[in-house]
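S.K.: Quick one: the structure is below, questions incoming.
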Amino acid sequence: MEHTQSRDACWHSRHHSKMAVCIAVIAKENYPLYIRSVPVQNELKFHYTVHTSLDVVEEKISAVGKAMADQRELYLGLLYPTEDYKVYGYVTNSKVKFVIVVDSSNTSLRDNEIRSMFRKLHNSFTDVMCNPFYNPGDTIQSKAFDSMVSAMMVQAS
Amino acid sequence: MSVPDYMQCAEDHQTVLVVVQPVGIVPEDQFFRIYKRIASVAQVSIRDSQRNLYIRYRHHYLPENNEWGDFQTHRKVVGLISVTTCGSAKEWPQTLDRFHGQKEVFGATLYDSRLLVFGLQGEIAEQQRTDVAFYSSYDDCPNVEKRVEDFVESIFIVLESKRLDRATDKSGDKIPLLCVPFEKKDFVGLDTDSRHYKKRCQGRMRKHVGDLCLQAGMLQDALVHYHMAVELLRSVNDFLWLGAALEGLCSASVIFHYPGGTAGGAAGRKPSLAQGQGQAADAGKRHRPGALTANGISADTSSEIGRAKNCLGPEDIIEKYKEAISYYGKYKNAGVIELEACVKAVRVLAIQKRAMEASEFLQNAVYINLGQLSEEEKIQRYSILSELYHLIGFHRKSAFFKRVAAMQCVAPTIPEPGWRACYKLLLETLPGYSLSLDPKDFSKGTHRGWAAVQMRLLHELVYASRRMGNPGLSVRHLSFLLQTMLDFLSDQEKKEVTQSLENYTSKCPGGMEVLTLPDGLKLPPVAFTKLPIIRSVKLLDLPVSLRPHKQKGLLENNMSTKSPFIYSPIIMHTRGEERNKNIEFQWVQGEVCEVQLMVYNPMPFELRVEHMGLLTSGVEFEALPAALFLPAESGLYPVTLVGVPRTAGNITVTGYHTSVFGVTSDCLLEGLPSVITSGCMVEVIPSLPRLQLSTSLPRSAHPLQPSKEELSSSVSVQLFNGETQHLTITLENIGSEDLETLEVASKTCNTKEKLFGEFLSWDLEEAVSQLPLKPGQSVTLTVNIKVRLDFSGGENLLQDLNDDGISVTGLPISSPLRQVLKPRAETKPLGSESSKTDYNHVKVGLTPLISPFLPYFL
């Protein structure tokens, strides 16, 4: 499906570059550890989107896993495009998944920018895990993680 | 063509379409019985050639779909079988007319037709007509299948002739242009002599011939024709037909590579009765008889073009499908074709186990615009999408689309919303969201699945079941929500959910039975184990006055013969059974027994628990229910539940039973691993008599403090040395058992027994003669208290008395004045206590031992 660049899209991208509309962290057992979206009212819709994208994530992991498990790349790329959104995925070696949803009209967002967003997420997550008071499997309550995610999200207008 | 056929697969391209219709009024079940028998002839081996013909049957087919028959030949109806009931010869001409009328509808494309008449006998039925078959009744028609086979063979003959006709057509001149319905107007007035036009005609015709070959069972030829058509059409940029030619190529290749079919389970093609074998793949490999001529294609195609070129490899199939679909996408009127092609490709990919690419195809399929769809069609579309996602293993996506289909069933635009269908579809989505309806799955470990989504789904289930008119189901689902998602509900949501629960249960109270839905699904019961949360269960001993005591004399018997060894150096530990280890005390049948529970209330508002009672097993137990009002988010709160065992034996407290918000739940302790309990099993001994003692003397002002295990009450009396006092003890049997034996003993509780000597005496003869004492009766016992202190010992006596704390008043020892002694005698009873066993510890005293007949226990 082709996206044609229109003037509106350009304007949009200037304002919303490097911004996601939803960011989620999913545990190994496929339940959410952290999910945040903008705008907040429609959060359930994003729950559904991220939940269904897990199918694709699992497929990608299993597809590569058989041959060269240790060489599997962490960044999974574009999981699937919908009419309004594009969903990207990333899996760590401990099978924790990160999912970023961006607006489809945000065409200026390049692959390396998405990769760097994932890298930041991963580093922050590692910090959360290093906290001795954090039990793996609990939801993430860390303020530092929150602020890092806020910096990556679209500003609610 | 507006309705896509979602069940079509690639191998359907090699089938011929036969429509089976009723003429006039035919009973539905009879019609479908015949239809099934006809449809069983799905594959026919043609005599004298080694080819197989495959047939598809439909009992309902829109005539407008027929118009696409030139585009893809498997879409046009080539055979018609009409089924009719005809009772008498008079109706016969009418019936025949109607039959002809039906033929007209499909007239343009029909190769042959048959009429099956049931119920007609007599002269007309004796006619031997090839196109009409007469049977006396629906049950007596043995050779229907044979007839159908003959019919199919006649179709084949026509098909073959058409194929040869087209294939051998002189090239160049007068090849008609095949069109699809929406194209017709585009070609009016075009120059029919241009090379461009002629090539277009040729290309399309070549593709058509390929279709016919495929239907006629000639796979290799079909491949050749398709390849040629592709080249021709590509050169003229005839995209729609180019797509069709590519799709034809793919279908033929799929048939070659996957002889089992891509329909995923449904397609067992049964061989015809005439001959057992015959697969398309084999048929395709054999050399074809029959010649093609003249316009450059020779009969022996295998020699002309290398075999390897003909068939596409598995990856190429998908590439070509993609290409074809992209061409179809350029024509908005070809939406149905595009959608069907997507579905076919997905089925092939599912077999190839390439889920990622299949999902891309499906993603594309979602966005194909088919114009205005009716609600039914939308529901069907989403259901099929859901099934296809399930086929490739994307269960969450499948559940998502199923949910969309469910919502579509009850869209506001539908005049009669299908709540039942909606509910059924929603139930099917549950596994995709890791939800089951069994609360046991959620009682251990971390929560499975996405809570927010699951809650939404459960709310929808509740709503759908309510609209469906089944309040019991709503109550069950809402209880399930409350039980499993309690931790995830916000305070506001907790209030809302409980309010709606109370609302529903006012009409239909919830219970612990298994609900069975009409289609057989069972909904297990949901017990509220968190409302309130039980922290510990403790069985309490009976109050001191009611405790039974063992009779000492029989103790030896109880060191029973558990084993023949008197001593063994090996000590066997019995591990486990902590919960079921016997508690040291016993309960008595007929007495009120208590169990203490520590509970707390997790809700942010006051919790009303009605009818809280115990669940027990082993002994008949009459539980006396209690009602509780727990404050909001209370801490640990003690609750005592009581009951009366009605028979003797071993009783186990298995759980408790509550009624909260109108829903009754039975919670079993074994399902609650976090409950602390020091033992749940207690022995219940048979009833014992109850006795009440009263005395004639007044109660003592300074009662001695008895030890905890003993019951006592004090009577004090002041006597002078040498004085005698009578004490009447009345024993009244206030229980329901007979009193069998009575023993009285006295014990001085200080060490100076010798000093006082025996100053108590009584006569049991009369009391014993009145035994056994029936309930309600009483017996009196007279105790004589005679004080006889021997003061002749001199100083020592007084000294000793002083040491004992017995006050001695009076003048110095040597004085022969009176001395006053105050012995303190205690006896039991004073109306307020009733005891089962009187084990009275009397300081200087009286210990009656009373027992019923039962020697075992006291």
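As shown in the structure tokens, the chain order sets the letters A, B, ...; within each chain, residues go from 1, and ligands are also counted from 1 in the order they appear.
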For B:Val77, list every protein, DNA or RNA residue within 12 Å, evaluated using only C-alpha atoms, and leave out those in the same chain fewer than 4 positions away; present the list as a short mmCIF file (atom, residue, chain, number, x, y, z; two decimals) with N, CA, C and O atoms, in the first residue's frame.
M.R.:
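Just written: result38.cif:
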```cif
data_model
loop_
_atom_site.label_atom_id
_atom_site.label_comp_id
_atom_site.auth_asym_id
_atom_site.auth_seq_id
_atom_site.Cartn_x
_atom_site.Cartn_y
_atom_site.Cartn_z
N THR B 15 -13.12 -27.35 -11.64
CA THR B 15 -14.43 -27.99 -11.51
C THR B 15 -15.41 -27.39 -12.50
O THR B 15 -15.27 -26.27 -12.97
N VAL B 16 -16.46 -28.14 -12.78
CA VAL B 16 -17.59 -27.59 -13.53
C VAL B 16 -18.72 -27.38 -12.53
O VAL B 16 -18.85 -28.12 -11.55
N LEU B 17 -19.51 -26.40 -12.80
CA LEU B 17 -20.52 -26.01 -11.83
C LEU B 17 -21.88 -26.55 -12.25
O LEU B 17 -22.32 -26.35 -13.37
N VAL B 18 -22.49 -27.26 -11.31
CA VAL B 18 -23.83 -27.79 -11.58
C VAL B 18 -24.75 -27.25 -10.50
O VAL B 18 -24.44 -27.31 -9.32
N VAL B 19 -25.88 -26.75 -10.93
CA VAL B 19 -26.84 -26.22 -9.96
C VAL B 19 -27.97 -27.22 -9.79
O VAL B 19 -28.49 -27.77 -10.76
N VAL B 20 -28.32 -27.49 -8.55
CA VAL B 20 -29.42 -28.40 -8.24
C VAL B 20 -30.51 -27.57 -7.59
O VAL B 20 -30.29 -26.94 -6.56
N ILE B 55 -16.70 -31.98 -10.18
CA ILE B 55 -17.94 -31.21 -10.23
C ILE B 55 -18.17 -30.50 -8.90
O ILE B 55 -17.90 -31.03 -7.83
N ARG B 56 -18.65 -29.27 -9.04
CA ARG B 56 -19.07 -28.51 -7.86
C ARG B 56 -20.56 -28.37 -7.92
O ARG B 56 -21.10 -28.07 -9.00
N TYR B 57 -21.23 -28.49 -6.79
CA TYR B 57 -22.69 -28.38 -6.79
C TYR B 57 -23.12 -27.19 -5.96
O TYR B 57 -22.55 -26.90 -4.93
N ARG B 58 -24.14 -26.55 -6.42
CA ARG B 58 -24.72 -25.48 -5.62
C ARG B 58 -26.22 -25.62 -5.68
O ARG B 58 -26.76 -25.99 -6.72
N HIS B 59 -26.88 -25.31 -4.57
CA HIS B 59 -28.33 -25.33 -4.67
C HIS B 59 -28.89 -23.93 -4.83
O HIS B 59 -30.09 -23.72 -4.90
N HIS B 60 -27.99 -22.97 -4.84
CA HIS B 60 -28.46 -21.60 -4.98
C HIS B 60 -27.37 -20.81 -5.66
O HIS B 60 -26.25 -20.77 -5.17
N TYR B 61 -27.64 -20.22 -6.78
CA TYR B 61 -26.59 -19.51 -7.49
C TYR B 61 -27.21 -18.32 -8.22
O TYR B 61 -28.19 -18.45 -8.92
N LEU B 62 -26.61 -17.18 -8.04
CA LEU B 62 -27.18 -15.97 -8.64
C LEU B 62 -26.91 -15.96 -10.14
O LEU B 62 -25.77 -16.14 -10.57
N PRO B 63 -27.92 -15.70 -10.94
CA PRO B 63 -27.70 -15.69 -12.39
C PRO B 63 -26.66 -14.65 -12.83
O PRO B 63 -25.97 -14.85 -13.82
N GLU B 64 -26.55 -13.57 -12.07
CA GLU B 64 -25.59 -12.55 -12.52
C GLU B 64 -24.15 -13.04 -12.40
O GLU B 64 -23.26 -12.54 -13.09
N ASN B 65 -23.94 -14.02 -11.54
CA ASN B 65 -22.59 -14.57 -11.47
C ASN B 65 -22.23 -15.30 -12.74
O ASN B 65 -21.07 -15.44 -13.10
N ASN B 66 -23.27 -15.76 -13.40
CA ASN B 66 -23.07 -16.47 -14.66
C ASN B 66 -22.38 -15.62 -15.71
O ASN B 66 -21.67 -16.11 -16.56
N GLU B 67 -22.61 -14.33 -15.59
CA GLU B 67 -22.08 -13.45 -16.63
C GLU B 67 -20.57 -13.36 -16.58
O GLU B 67 -19.94 -12.92 -17.53
N TRP B 68 -20.00 -13.77 -15.49
CA TRP B 68 -18.55 -13.80 -15.40
C TRP B 68 -18.00 -15.13 -15.91
O TRP B 68 -16.81 -15.42 -15.76
N GLY B 69 -18.87 -15.92 -16.48
CA GLY B 69 -18.47 -17.24 -16.91
C GLY B 69 -17.42 -17.24 -18.01
O GLY B 69 -16.61 -18.15 -18.12
N ASP B 70 -17.40 -16.20 -18.82
CA ASP B 70 -16.37 -16.16 -19.85
C ASP B 70 -15.02 -15.84 -19.25
O ASP B 70 -13.98 -16.25 -19.76
N GLN B 72 -13.90 -16.55 -16.11
CA GLN B 72 -13.34 -17.74 -15.48
C GLN B 72 -14.40 -18.82 -15.61
O GLN B 72 -15.47 -18.71 -15.01
N THR B 73 -14.11 -19.84 -16.37
CA THR B 73 -15.16 -20.77 -16.76
C THR B 73 -15.76 -21.55 -15.60
O THR B 73 -16.85 -22.06 -15.70
N ILE B 81 -29.73 -29.57 -12.55
CA ILE B 81 -30.55 -30.72 -12.16
C ILE B 81 -31.72 -30.15 -11.37
O ILE B 81 -31.51 -29.49 -10.35
N LYS B 103 -34.53 -23.66 -17.08
CA LYS B 103 -33.41 -23.79 -18.02
C LYS B 103 -33.11 -22.47 -18.70
O LYS B 103 -31.96 -22.14 -18.95
N GLU B 104 -34.16 -21.72 -18.94
CA GLU B 104 -33.97 -20.44 -19.61
C GLU B 104 -33.08 -19.51 -18.82
O GLU B 104 -32.30 -18.74 -19.38
N VAL B 105 -33.25 -19.56 -17.51
CA VAL B 105 -32.51 -18.62 -16.67
C VAL B 105 -31.01 -18.74 -16.90
O VAL B 105 -30.28 -17.76 -17.01
N PHE B 106 -30.56 -19.97 -16.97
CA PHE B 106 -29.12 -20.18 -17.18
C PHE B 106 -28.82 -20.50 -18.63
O PHE B 106 -27.70 -20.89 -18.96
N GLY B 107 -29.81 -20.32 -19.46
CA GLY B 107 -29.77 -20.83 -20.82
C GLY B 107 -28.47 -20.63 -21.58
O GLY B 107 -27.98 -21.52 -22.24
N ALA B 108 -27.89 -19.44 -21.43
CA ALA B 108 -26.74 -19.12 -22.27
C ALA B 108 -25.58 -20.06 -22.04
O ALA B 108 -24.81 -20.36 -22.95
N THR B 109 -25.43 -20.50 -20.83
CA THR B 109 -24.20 -21.25 -20.53
C THR B 109 -24.45 -22.73 -20.31
O THR B 109 -23.50 -23.50 -20.17
N LEU B 110 -25.71 -23.11 -20.25
CA LEU B 110 -26.02 -24.49 -19.87
C LEU B 110 -25.58 -25.47 -20.94
O LEU B 110 -25.88 -25.29 -22.12
N TYR B 111 -24.89 -26.51 -20.53
CA TYR B 111 -24.56 -27.56 -21.48
C TYR B 111 -25.64 -28.61 -21.52
O TYR B 111 -25.97 -29.17 -22.55
N ASP B 112 -26.17 -28.94 -20.36
CA ASP B 112 -27.15 -30.01 -20.30
C ASP B 112 -27.95 -29.87 -19.03
O ASP B 112 -27.54 -29.19 -18.09
N SER B 113 -29.08 -30.55 -19.03
CA SER B 113 -29.90 -30.46 -17.81
C SER B 113 -30.68 -31.75 -17.61
O SER B 113 -30.88 -32.53 -18.53
N ILE B 155 -22.16 -34.00 -19.98
CA ILE B 155 -21.59 -32.64 -19.88
C ILE B 155 -20.16 -32.65 -20.41
O ILE B 155 -19.72 -31.73 -21.12
#
```
S.K.: With a distance threshold of 12 Å and counting only C-alpha atoms, extract the residues of chain A near chain B and express them as a ChimeraX atom specification.
M.R.: /A:1-2,26-35,43-64,78-83,136-139
S.K.: Write a file of the just-selected residues containing C-alpha atoms, as a JSON list (two decimals), in the first residue's frame.
M.R.:
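New file out-v4.json:
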```json
[["chain", "number", "residue", "atom", "x", "y", "z"],
["A", 1, "MET", "CA", 0.00, 0.00, 0.00],
["A", 2, "GLU", "CA", 1.52, 3.21, -1.08],
["A", 26, "ILE", "CA", 5.21, -6.90, 27.17],
["A", 27, "ALA", "CA", 6.44, -9.67, 29.41],
["A", 28, "LYS", "CA", 7.63, -13.04, 28.27],
["A", 29, "GLU", "CA", 4.27, -14.57, 29.11],
["A", 30, "ASN", "CA", 2.59, -12.07, 26.81],
["A", 31, "TYR", "CA", 0.87, -9.85, 29.31],
["A", 32, "PRO", "CA", 1.53, -6.12, 29.47],
["A", 33, "LEU", "CA", 4.08, -4.74, 31.88],
["A", 34, "TYR", "CA", 3.64, -1.19, 30.72],
["A", 35, "ILE", "CA", 1.45, 0.47, 28.18],
["A", 43, "GLU", "CA", -6.44, 3.46, 25.28],
["A", 44, "LEU", "CA", -8.47, 0.32, 24.78],
["A", 45, "LYS", "CA", -8.08, 0.58, 21.03],
["A", 46, "PHE", "CA", -4.33, 0.55, 21.45],
["A", 47, "HIS", "CA", -4.59, -2.39, 23.80],
["A", 48, "TYR", "CA", -6.26, -4.28, 20.97],
["A", 49, "THR", "CA", -3.72, -3.14, 18.38],
["A", 50, "VAL", "CA", -0.75, -4.15, 20.47],
["A", 51, "HIS", "CA", -2.41, -7.38, 21.52],
["A", 52, "THR", "CA", -3.00, -8.48, 17.94],
["A", 53, "SER", "CA", 0.48, -7.47, 16.91],
["A", 54, "LEU", "CA", 1.79, -10.11, 19.29],
["A", 55, "ASP", "CA", 0.76, -12.72, 16.74],
["A", 56, "VAL", "CA", 3.13, -11.24, 14.23],
["A", 57, "VAL", "CA", 5.90, -10.92, 16.80],
["A", 58, "GLU", "CA", 5.62, -14.55, 17.75],
["A", 59, "GLU", "CA", 5.62, -15.58, 14.13],
["A", 60, "LYS", "CA", 8.77, -13.61, 13.47],
["A", 61, "ILE", "CA", 10.55, -15.01, 16.47],
["A", 62, "SER", "CA", 9.70, -18.57, 15.66],
["A", 63, "ALA", "CA", 10.53, -18.19, 12.00],
["A", 64, "VAL", "CA", 14.10, -17.16, 12.59],
["A", 78, "LEU", "CA", 7.57, -3.06, 10.78],
["A", 79, "LEU", "CA", 5.14, -5.63, 12.09],
["A", 80, "TYR", "CA", 2.16, -4.57, 10.12],
["A", 81, "PRO", "CA", 0.62, -1.43, 8.74],
["A", 82, "THR", "CA", -2.97, -0.52, 9.31],
["A", 83, "GLU", "CA", -4.90, 2.29, 7.80],
["A", 136, "PRO", "CA", 10.30, -9.21, 37.42],
["A", 137, "GLY", "CA", 6.76, -9.70, 36.30],
["A", 138, "ASP", "CA", 5.36, -6.67, 38.08],
["A", 139, "THR", "CA", 4.09, -3.68, 36.19]]
```
S.K.: Grab the atom CA of B:Gln692 to atom CA of B:Gln586 distance for me, in Å with one decimal place.
M.R.: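 Straight-line distance from atom CA of B:Gln692 to atom CA of B:Gln586 works out to 21.2 Å.
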S.K.: Taking only residues of stretch 20-89 of chain A that have an atom at most 7 Å from an atom of stretch 93-107 of chain A, what is each one's shortest atom pair and its distance in Å to one decimal, using only C-alpha atoms, in chain and number order, as JSON lines?
M.R.:
```
{"residue": "A:Ala20", "atom": "CA", "partner": "A:Val102", "partner_atom": "CA", "distance": 4.6}
{"residue": "A:Val21", "atom": "CA", "partner": "A:Val102", "partner_atom": "CA", "distance": 5.3}
{"residue": "A:Cys22", "atom": "CA", "partner": "A:Val101", "partner_atom": "CA", "distance": 5.0}
{"residue": "A:Ile23", "atom": "CA", "partner": "A:Ile100", "partner_atom": "CA", "distance": 4.7}
{"residue": "A:Ala24", "atom": "CA", "partner": "A:Val99", "partner_atom": "CA", "distance": 5.2}
{"residue": "A:Val25", "atom": "CA", "partner": "A:Phe98", "partner_atom": "CA", "distance": 4.7}
{"residue": "A:Ile26", "atom": "CA", "partner": "A:Lys97", "partner_atom": "CA", "distance": 5.0}
{"residue": "A:Ala27", "atom": "CA", "partner": "A:Val96", "partner_atom": "CA", "distance": 4.9}
{"residue": "A:Lys28", "atom": "CA", "partner": "A:Val96", "partner_atom": "CA", "distance": 5.0}
{"residue": "A:Asp84", "atom": "CA", "partner": "A:Ser104", "partner_atom": "CA", "distance": 5.2}
{"residue": "A:Tyr85", "atom": "CA", "partner": "A:Ser104", "partner_atom": "CA", "distance": 4.5}
{"residue": "A:Lys86", "atom": "CA", "partner": "A:Val102", "partner_atom": "CA", "distance": 5.4}
{"residue": "A:Val87", "atom": "CA", "partner": "A:Val101", "partner_atom": "CA", "distance": 4.5}
{"residue": "A:Tyr88", "atom": "CA", "partner": "A:Ile100", "partner_atom": "CA", "distance": 5.3}
{"residue": "A:Gly89", "atom": "CA", "partner": "A:Val99", "partner_atom": "CA", "distance": 4.7}
```
S.K.: Only N, CA and C atoms, please: the residues just picked out, written as an mmCIF file, in the first residue's frame.
M.R.:
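What landed in out-v7.cif:
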```cif
data_model
loop_
_atom_site.group_PDB
_atom_site.id
_atom_site.type_symbol
_atom_site.label_atom_id
_atom_site.label_comp_id
_atom_site.auth_asym_id
_atom_site.auth_seq_id
_atom_site.Cartn_x
_atom_site.Cartn_y
_atom_site.Cartn_z
ATOM 1 N N ALA A 20 5.909 8.807 19.000
ATOM 2 C CA ALA A 20 5.044 7.637 18.887
ATOM 3 C C ALA A 20 3.678 7.973 19.469
ATOM 4 N N VAL A 21 2.684 7.231 19.107
ATOM 5 C CA VAL A 21 1.377 7.422 19.745
ATOM 6 C C VAL A 21 1.115 6.402 20.844
ATOM 7 N N CYS A 22 1.869 5.299 20.802
ATOM 8 C CA CYS A 22 1.659 4.302 21.857
ATOM 9 C C CYS A 22 2.922 3.506 22.044
ATOM 10 N N ILE A 23 3.273 3.271 23.285
ATOM 11 C CA ILE A 23 4.465 2.460 23.572
ATOM 12 C C ILE A 23 4.072 1.398 24.595
ATOM 13 N N ALA A 24 4.490 0.176 24.344
ATOM 14 C CA ALA A 24 4.120 -0.894 25.267
ATOM 15 C C ALA A 24 5.308 -1.795 25.540
ATOM 16 N N VAL A 25 5.365 -2.311 26.761
ATOM 17 C CA VAL A 25 6.364 -3.303 27.131
ATOM 18 C C VAL A 25 5.608 -4.562 27.542
ATOM 19 N N ILE A 26 5.966 -5.671 26.948
ATOM 20 C CA ILE A 26 5.206 -6.902 27.169
ATOM 21 C C ILE A 26 6.113 -7.979 27.735
ATOM 22 N N ALA A 27 5.623 -8.662 28.741
ATOM 23 C CA ALA A 27 6.442 -9.674 29.408
ATOM 24 C C ALA A 27 6.557 -10.922 28.549
ATOM 25 N N LYS A 28 7.402 -11.787 28.993
ATOM 26 C CA LYS A 28 7.633 -13.036 28.266
ATOM 27 C C LYS A 28 6.353 -13.848 28.115
ATOM 28 N N ASP A 84 -4.400 3.520 9.841
ATOM 29 C CA ASP A 84 -3.995 4.735 10.547
ATOM 30 C C ASP A 84 -2.619 4.636 11.179
ATOM 31 N N TYR A 85 -2.183 3.425 11.424
ATOM 32 C CA TYR A 85 -0.978 3.301 12.235
ATOM 33 C C TYR A 85 0.021 2.347 11.629
ATOM 34 N N LYS A 86 1.254 2.485 12.080
ATOM 35 C CA LYS A 86 2.278 1.500 11.757
ATOM 36 C C LYS A 86 2.828 0.965 13.078
ATOM 37 N N VAL A 87 2.995 -0.326 13.116
ATOM 38 C CA VAL A 87 3.398 -0.957 14.368
ATOM 39 C C VAL A 87 4.772 -1.578 14.203
ATOM 40 N N TYR A 88 5.683 -1.225 15.113
ATOM 41 C CA TYR A 88 7.042 -1.765 15.062
ATOM 42 C C TYR A 88 7.315 -2.604 16.296
ATOM 43 N N GLY A 89 8.192 -3.594 16.124
ATOM 44 C CA GLY A 89 8.454 -4.481 17.248
ATOM 45 C C GLY A 89 9.928 -4.703 17.510
#
```
S.K.: From the options B:Leu739, B:Ile384, B:Ala421, B:Val23, which residue's atoms come nearest to B:Arg467, counting only C-alpha atoms?
M.R.: B:Ala421
S.K.: Taking only C-alpha atoms into account, name the residue in A:Tyr75, A:Asn123, A:Asn135, A:Ser37 that is nearest to A:Met19.
M.R.: A:Ser37
S.K.: Do you know which residues are at most 7 Å from stretch 774-780 of chain B counting only C-alpha atoms, after dropping those on the same chain fewer than 5 positions away, and could you put them as an NGL selection string?
M.R.: :B and (728-739 or 767)
S.K.: How many Å separate atom CA of B:Arg206 from atom CA of B:Val236?
M.R.: 13.9 Å
S.K.: Show which residues sit within 10 Å of B:Leu115, as an MDAnalysis selection string. Count only C-alpha atoms, and ignore same-chain residues fewer than 2 positions away.
M.R.: chainID B and resid 20:23 80:84 95:96 99:100 113 117:118 130:134
S.K.: Near stretch 417-420 of chain B, counting only C-alpha atoms, which residues have an atom at most 9 Å away, once you skip same-chain residues fewer than 6 positions from it, shown as a list in words?
M.R.: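 Contacts, with the query itself left out: Ala406, Cys409, Val410, Ala411, Ala464, Ser465, Arg467 and Met468 of chain B.
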S.K.: Keeping only N, CA, C and O atoms, take the residues you just selected and write them out as an mmCIF file, in the first residue's frame.
M.R.:
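Full text of result-v5.cif as output:
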```cif
data_model
loop_
_atom_site.group_PDB
_atom_site.id
_atom_site.type_symbol
_atom_site.label_atom_id
_atom_site.label_comp_id
_atom_site.auth_asym_id
_atom_site.auth_seq_id
_atom_site.Cartn_x
_atom_site.Cartn_y
_atom_site.Cartn_z
ATOM 1 N N ALA B 406 -18.936 -10.296 15.679
ATOM 2 C CA ALA B 406 -19.978 -10.345 16.710
ATOM 3 C C ALA B 406 -20.625 -8.977 16.871
ATOM 4 O O ALA B 406 -21.844 -8.846 16.965
ATOM 5 N N CYS B 409 -23.022 -8.229 14.170
ATOM 6 C CA CYS B 409 -24.327 -8.904 14.261
ATOM 7 C C CYS B 409 -25.358 -8.037 14.932
ATOM 8 O O CYS B 409 -26.559 -8.227 14.741
ATOM 9 N N VAL B 410 -24.897 -7.152 15.774
ATOM 10 C CA VAL B 410 -25.854 -6.344 16.527
ATOM 11 C C VAL B 410 -25.645 -4.864 16.245
ATOM 12 O O VAL B 410 -25.894 -4.020 17.089
ATOM 13 N N ALA B 411 -25.183 -4.564 15.045
ATOM 14 C CA ALA B 411 -24.965 -3.164 14.681
ATOM 15 C C ALA B 411 -26.288 -2.418 14.731
ATOM 16 O O ALA B 411 -27.348 -2.991 14.484
ATOM 17 N N ALA B 464 -24.438 -8.975 26.153
ATOM 18 C CA ALA B 464 -25.065 -9.806 25.118
ATOM 19 C C ALA B 464 -25.998 -10.835 25.743
ATOM 20 O O ALA B 464 -27.099 -11.068 25.247
ATOM 21 N N SER B 465 -25.569 -11.440 26.841
ATOM 22 C CA SER B 465 -26.433 -12.468 27.428
ATOM 23 C C SER B 465 -27.675 -11.842 28.028
ATOM 24 O O SER B 465 -28.739 -12.438 28.047
ATOM 25 N N ARG B 467 -29.183 -9.142 26.779
ATOM 26 C CA ARG B 467 -30.069 -8.818 25.672
ATOM 27 C C ARG B 467 -30.646 -10.085 25.066
ATOM 28 O O ARG B 467 -31.691 -10.070 24.435
ATOM 29 N N MET B 468 -29.933 -11.168 25.245
ATOM 30 C CA MET B 468 -30.399 -12.434 24.709
ATOM 31 C C MET B 468 -31.565 -12.952 25.525
ATOM 32 O O MET B 468 -32.253 -13.873 25.134
#
```
S.K.: Hey, can you check how far atom CA of B:Asp211 sits from atom CA of B:Leu339?
M.R.: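 Taking atom CA of B:Asp211 as the start and atom CA of B:Leu339 as the end point, the length is 19.8 Å.
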S.K.: Determine, counting only C-alpha atoms, which protein, DNA and RNA residues have an atom within 12 Å of an atom of A:Asp127; residues of the same chain fewer than 4 positions away are not included. Present the result as a PyMOL selection string.
M.R.: chain A and resi 120-123+131-134+140+142-145+148
S.K.: Pick the closest to A:Ser150 from A:Val128, A:Met117, A:Leu109, A:Leu76: which is it, counting only C-alpha atoms?
M.R.: A:Met117
S.K.: So, with only C-alpha atoms as the atoms that count, which of B:Tyr6, B:Phe605, B:Phe256, B:Tyr600 lies closest to B:Lys494?
M.R.: B:Phe605
S.K.: When you look at B:Ala216 with a cut-off of 9 Å (counting only C-alpha atoms), what residues show up, excluding the ones that are within fewer than 6 positions of it in the same chain? I need them as a list in words.
M.R.: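 My reading of the contact set: Gln14, Thr15, Val16, Arg51, Asn52, Leu53, Tyr54, Phe156, Leu159, Glu160 and Arg163 of chain B.
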S.K.: Check stretch 421-468 of chain B with DSSP on the backbone and list each residue it calls helix (DSSP H, G or I), as number ranges by chain.
M.R.: B: 421-433, 439-442, 451-468
S.K.: How would you write, as a PyMOL selection string, the set of residues in stretch 85-277 of chain B that DSSP gives as strand (DSSP E or B)?
M.R.: chain B and resi 85+112-118+132-135+137+140
